[in-house]
Structure formats: C-alpha cells, structure tokens
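Let me begin by presenting the structure, written as structure tokens, before commenting on it.
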Amino acid sequence: MSMLDLQSELAAKRATLELRLGELGRLLVAYSGGVDSAFLAWSAHQVLGDRMLAVIADSPSLARSQFADAVSFAREQQIPLEVIATAELDRSDYVRNDASRCFFCKDELFTVMEDFRAKHNYDAIAYGVNSDDQGDFRPGQKAAREHQVAAPLLDARLGKQDIRDLARAAGLRIWDKPASACLSSRIEYGRPVTREALSAVEQGEDALRALGFRQFRVRHHGDLVRIEVAVPELPRALNVEMGAEFTRIFKALGFKFVTLDLEGFRSGSMNALLSVDELAGGKPARAVFDLRRKTS
C-alpha cells in the first residue's frame, strides 16, 4: 500500500469517527489522559462542542502525575472536564484482584458515569477502546458492553498507531505519550489491591521517571519488585551503579528483593501467568507467586 493510500485510509477512518460521534448526541467521554481517551475526548469536542463532557475518575489507581497531566491537557485544549469519585476499593470483588479485576473497575466507573448521565441529561457514554485492544485480555470491555457504552474508535476501525498518527497530525502533544495502564494492573493476580501497594508502585514509577526512563512498569510481587524497562533503555538499567540506585529506591519502599526483568517492558505481562480458563473468564485467578516459600 502506497503512502497516499495509507493517508486516504486514515482520512476515511477519521471521517467515520466524526460521523459516529455526531450520531451520539450529548456525550460523556470516559477520560484518563492516555493517548486513546485523550484523542477521543479531543475529537468529540471538535465535533460536538459543548454537547460533550470528558469525565475523569479521581481514583487511587490513577497515578497523581497521570491525573495532573490529564487535567492539564483538557485545559490546554479547552475540553470541558468533570472530575468524579469512584469507590472500587470498597468493592471486595475488585480488591480480591483475580483475573476479572478490570471488569469490576470498569463496572464501578460506568455505574457512576451512568448515574451522572441520567442526572445531567446526556444521551450516551463513550470510551477509548480501539481495534488493537481486541487481541488482548481486557475484561473491562465486557463491563462496557453490559453498560452499553459506545466505542467510537473501534467503530471507525482505528488502531493504536492510527490514533497516534492522527493525534500527531492534529498537533496534540500526547501523540507519543507512553502507554500507561492503571496502577492496580502492576499488582500480581491474587494479591489484594491496597492503598499501600498502589502507593509503593506509584512512588517507584515516579522515581524511575525522575531517573530519566521513559517506558517502564513496576510489578508488585509482595516482597519482590520486578522492574520492566523498555528494551532500548535496558543497557542503561543494566549498570552496577543504576542497580544500586534501584535497590536503594525500592527497599526504601518496603520491598525485600529488587529485580530487573531481562525481557524488558511489555504491556500486560501479568496476563502471561493466567491459565486458559482464567483468560476465558471461567475461573478466578489464584495467587501466582508465593515469594515467601522457601525453595531448594
């Protein structure tokens, strides 16, 4: 396919997105500040003007740095924004942290948004799932379907790279923002989600960012932390001095063992530990590690 054909295909997808947004009427957009939801909120504002409202959940699972950046982007683009409170940590099904955790998170979010929609006379709710997300394990999509949440990016057959390309063409600074899931996704399945664990992950990731790393994850395995750094950045991490700094940072956060994952960063790496039944939603996840167990 030629560059001209690619540009034509992307323009057609953009037109389909705008048409779909126009059909939704007064619209709430579930917004987190990531590339997908930010581009969706911006596009909805371009099409609907003040008939749309971006809604962000002020949740313990959303890092403060991500929350602040999301609010800043909305202000920069004059996108109307509403901050709401969600209470997923009050839901035992969420705190249990099995393979369905993301379902209960999105169920809480969309329940709160649905109440807001009805109270303020909005017609629909949309979120930023895209065509590439269909190939991953994402229980939150089930919650979206149950709440009849619209998926305009998916309807327009936009993939992750398409969205970044369109955001870049529109001059949006978030076009190359690193992907970032919620903090709860960093905690191994079967280990309860607590404010303390979320705080340790958040502080650890803030520290890695301050060290100049761009794409990374802090994976919480109880006494052990597993640090993922993007492969191009691994040489800098594989350094005695940097290793000592990692150890200092993470032991101060309460971890007893500090490890660097030699496979590097990969989104959703915790899902690799789930069985086929768990991925299909047939069984609850078990604790995948017992790091306190002695081995020979």
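Each chain in the structure tokens gets a letter, A, B, ..., in the order shown, and its residues are numbered from 1; ligands are numbered from 1 in order too.
Using only C-alpha atoms, the residues found no farther than 10 Å from His120 of chain A, other than those of its own chain fewer than 5 positions away, are Arg26, Glu114 and Asp115 of chain A.
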Restrict the selected residues to C-alpha atoms and save them as a JSON list (two decimals), in the first residue's frame.
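Produced file selection_14.json, reproduced below:
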[["chain", "number", "residue", "atom", "x", "y", "z"],
["A", 26, "ARG", "CA", -24.90, 14.79, 24.13],
["A", 114, "GLU", "CA", -24.44, 6.30, 34.11],
["A", 115, "ASP", "CA", -25.85, 7.97, 37.22]]
Worksheet item: Using only C-alpha atoms, which residues sit within 6 Å of segment 242-258 of chain A once same-chain residues fewer than 5 positions away are excluded, as JSON, numbers by chain?
Response: {"A": [200, 223, 224, 225, 237]}
Worksheet entry | Interatomic distance, atom CA of Ala179 of chain A to atom CA of Gln46 of chain A (Å, one decimal) | 23.7 Å
Discussion item. Using only C-alpha atoms, which protein or nucleic acid residues come within 12 Å of His220 of chain A? Drop anything in the same chain fewer than 5 positions from it, and give the result as a ChimeraX atom specification.
Written reply: /A:183-194,196-202,204-205,225-228,250,253-259,270,288-289,291
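Here atom CA of Arg96 of chain A and atom CA of Ser59 of chain A stand 17.1 Å from one another.
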Worksheet item: Neighbours of segment 124-140 of chain A within 6 Å (only C-alpha atoms; same-chain residues fewer than 5 positions away dropped), as number ranges by chain?
Response: A: 27-30, 36-37, 102-103, 106, 149-151, 153-154, 157-159
Discussion item. Using DSSP secondary structure from the backbone, list all alpha helix (DSSP H) positions within segment 12-143 of chain A, as a PyMOL selection string.
Written reply: chain A and resi 12-23+35-48+64-76+92-95+101-120+140-143
Expected answer as a CSV table (one decimal) with all heavy atoms, in the first residue's frame: strand (DSSP E or B) residues in segment 50-84 of chain A:
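For reference, out-v8.csv as written:
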chain,number,residue,atom,x,y,z
A,52,MET,N,-20.5,17.9,24.7
A,52,MET,CA,-19.7,16.7,25.2
A,52,MET,C,-19.1,17.1,26.5
A,52,MET,O,-18.9,18.3,26.8
A,52,MET,CB,-18.7,16.2,24.2
A,52,MET,CG,-17.5,17.2,24.0
A,52,MET,SD,-16.2,17.3,25.2
A,52,MET,CE,-15.6,15.6,25.2
A,53,LEU,N,-18.7,16.2,27.3
A,53,LEU,CA,-18.0,16.4,28.6
A,53,LEU,C,-17.1,15.2,28.8
A,53,LEU,O,-17.5,14.1,28.8
A,53,LEU,CB,-19.1,16.5,29.7
A,53,LEU,CG,-18.5,16.7,31.1
A,53,LEU,CD1,-17.8,18.1,31.2
A,53,LEU,CD2,-19.6,16.6,32.2
A,54,ALA,N,-15.8,15.5,29.1
A,54,ALA,CA,-14.9,14.5,29.5
A,54,ALA,C,-15.0,14.2,31.0
A,54,ALA,O,-15.2,15.2,31.7
A,54,ALA,CB,-13.5,14.9,29.1
A,55,VAL,N,-15.0,13.0,31.4
A,55,VAL,CA,-15.2,12.6,32.8
A,55,VAL,C,-14.0,11.8,33.2
A,55,VAL,O,-13.7,10.7,32.6
A,55,VAL,CB,-16.5,11.8,33.0
A,55,VAL,CG1,-16.6,11.4,34.4
A,55,VAL,CG2,-17.7,12.7,32.6
A,56,ILE,N,-13.3,12.2,34.2
A,56,ILE,CA,-12.1,11.5,34.8
A,56,ILE,C,-12.4,11.1,36.2
A,56,ILE,O,-12.9,11.9,37.0
A,56,ILE,CB,-10.8,12.4,34.6
A,56,ILE,CG1,-9.6,11.5,35.0
A,56,ILE,CG2,-10.9,13.6,35.5
A,56,ILE,CD1,-8.3,12.2,34.7
A,57,ALA,N,-12.1,9.9,36.5
A,57,ALA,CA,-12.3,9.3,37.9
A,57,ALA,C,-11.0,9.6,38.7
A,57,ALA,O,-9.9,9.3,38.3
A,57,ALA,CB,-12.5,7.9,37.8
A,81,LEU,N,-14.3,19.4,31.3
A,81,LEU,CA,-13.9,18.2,32.1
A,81,LEU,C,-14.6,18.2,33.5
A,81,LEU,O,-14.8,19.2,34.1
A,81,LEU,CB,-12.4,18.3,32.4
A,81,LEU,CG,-11.8,17.2,33.2
A,81,LEU,CD1,-11.9,15.9,32.5
A,81,LEU,CD2,-10.3,17.5,33.6
A,82,GLU,N,-15.1,17.0,33.9
A,82,GLU,CA,-15.7,16.8,35.2
A,82,GLU,C,-14.9,15.7,35.9
A,82,GLU,O,-14.6,14.7,35.3
A,82,GLU,CB,-17.1,16.3,35.0
A,82,GLU,CG,-17.9,16.1,36.3
A,82,GLU,CD,-18.3,17.3,37.0
A,82,GLU,OE1,-18.4,18.4,36.3
A,82,GLU,OE2,-18.7,17.3,38.2
A,83,VAL,N,-14.5,16.0,37.1
A,83,VAL,CA,-13.8,15.0,38.0
A,83,VAL,C,-14.9,14.3,38.9
A,83,VAL,O,-15.6,15.0,39.6
A,83,VAL,CB,-12.7,15.7,38.8
A,83,VAL,CG1,-12.0,14.7,39.7
A,83,VAL,CG2,-11.7,16.4,38.0
A,84,ILE,N,-14.9,13.0,38.8
A,84,ILE,CA,-15.8,12.3,39.7
A,84,ILE,C,-15.0,11.3,40.6
A,84,ILE,O,-13.9,11.0,40.3
A,84,ILE,CB,-16.8,11.4,38.8
A,84,ILE,CG1,-16.1,10.4,38.0
A,84,ILE,CG2,-17.7,12.3,38.0
A,84,ILE,CD1,-17.0,9.4,37.2
Hey, what's within 8 Å of Ile163 of chain A if we count only C-alpha atoms and toss same-chain stuff fewer than 2 positions away? As a short mmCIF file (atom, residue, chain, number, x, y, z; two decimals) with N, CA and C atoms, in the first residue's frame, please?
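Result file is result25.cif:
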data_model
loop_
_atom_site.label_atom_id
_atom_site.label_comp_id
_atom_site.auth_asym_id
_atom_site.auth_seq_id
_atom_site.Cartn_x
_atom_site.Cartn_y
_atom_site.Cartn_z
N VAL A 35 -3.36 8.26 25.51
CA VAL A 35 -3.47 8.70 24.12
C VAL A 35 -4.87 8.44 23.57
N ASP A 36 -5.39 7.24 23.79
CA ASP A 36 -6.68 6.88 23.19
C ASP A 36 -7.82 7.74 23.73
N PHE A 39 -7.38 11.49 22.72
CA PHE A 39 -7.73 11.76 21.32
C PHE A 39 -9.24 11.67 21.12
N LEU A 158 -10.10 2.18 14.09
CA LEU A 158 -8.82 2.84 14.38
C LEU A 158 -7.98 2.00 15.32
N GLY A 159 -6.72 1.75 14.93
CA GLY A 159 -5.78 1.05 15.78
C GLY A 159 -4.91 2.03 16.54
N LYS A 160 -4.03 1.51 17.38
CA LYS A 160 -3.19 2.37 18.23
C LYS A 160 -2.31 3.31 17.40
N GLN A 161 -1.68 2.78 16.35
CA GLN A 161 -0.81 3.63 15.54
C GLN A 161 -1.62 4.66 14.77
N ASP A 165 -1.00 8.63 14.96
CA ASP A 165 -0.75 9.39 13.73
C ASP A 165 -1.73 10.55 13.61
N LEU A 166 -3.00 10.31 13.91
CA LEU A 166 -3.99 11.37 13.83
C LEU A 166 -3.76 12.44 14.89
N ALA A 167 -3.38 12.00 16.09
CA ALA A 167 -3.09 12.96 17.16
C ALA A 167 -1.89 13.83 16.79
N TRP A 175 0.53 12.71 21.43
CA TRP A 175 0.60 11.71 20.37
C TRP A 175 1.63 10.62 20.65
#
Item to complete: Extract, using only C-alpha atoms, all DNA, RNA and protein residues at most 8 Å from Gly34 of chain A, discarding same-chain residues fewer than 5 positions from it, and format them as an MDAnalysis selection string.
Response: chainID A and resid 70 174 177 179:180
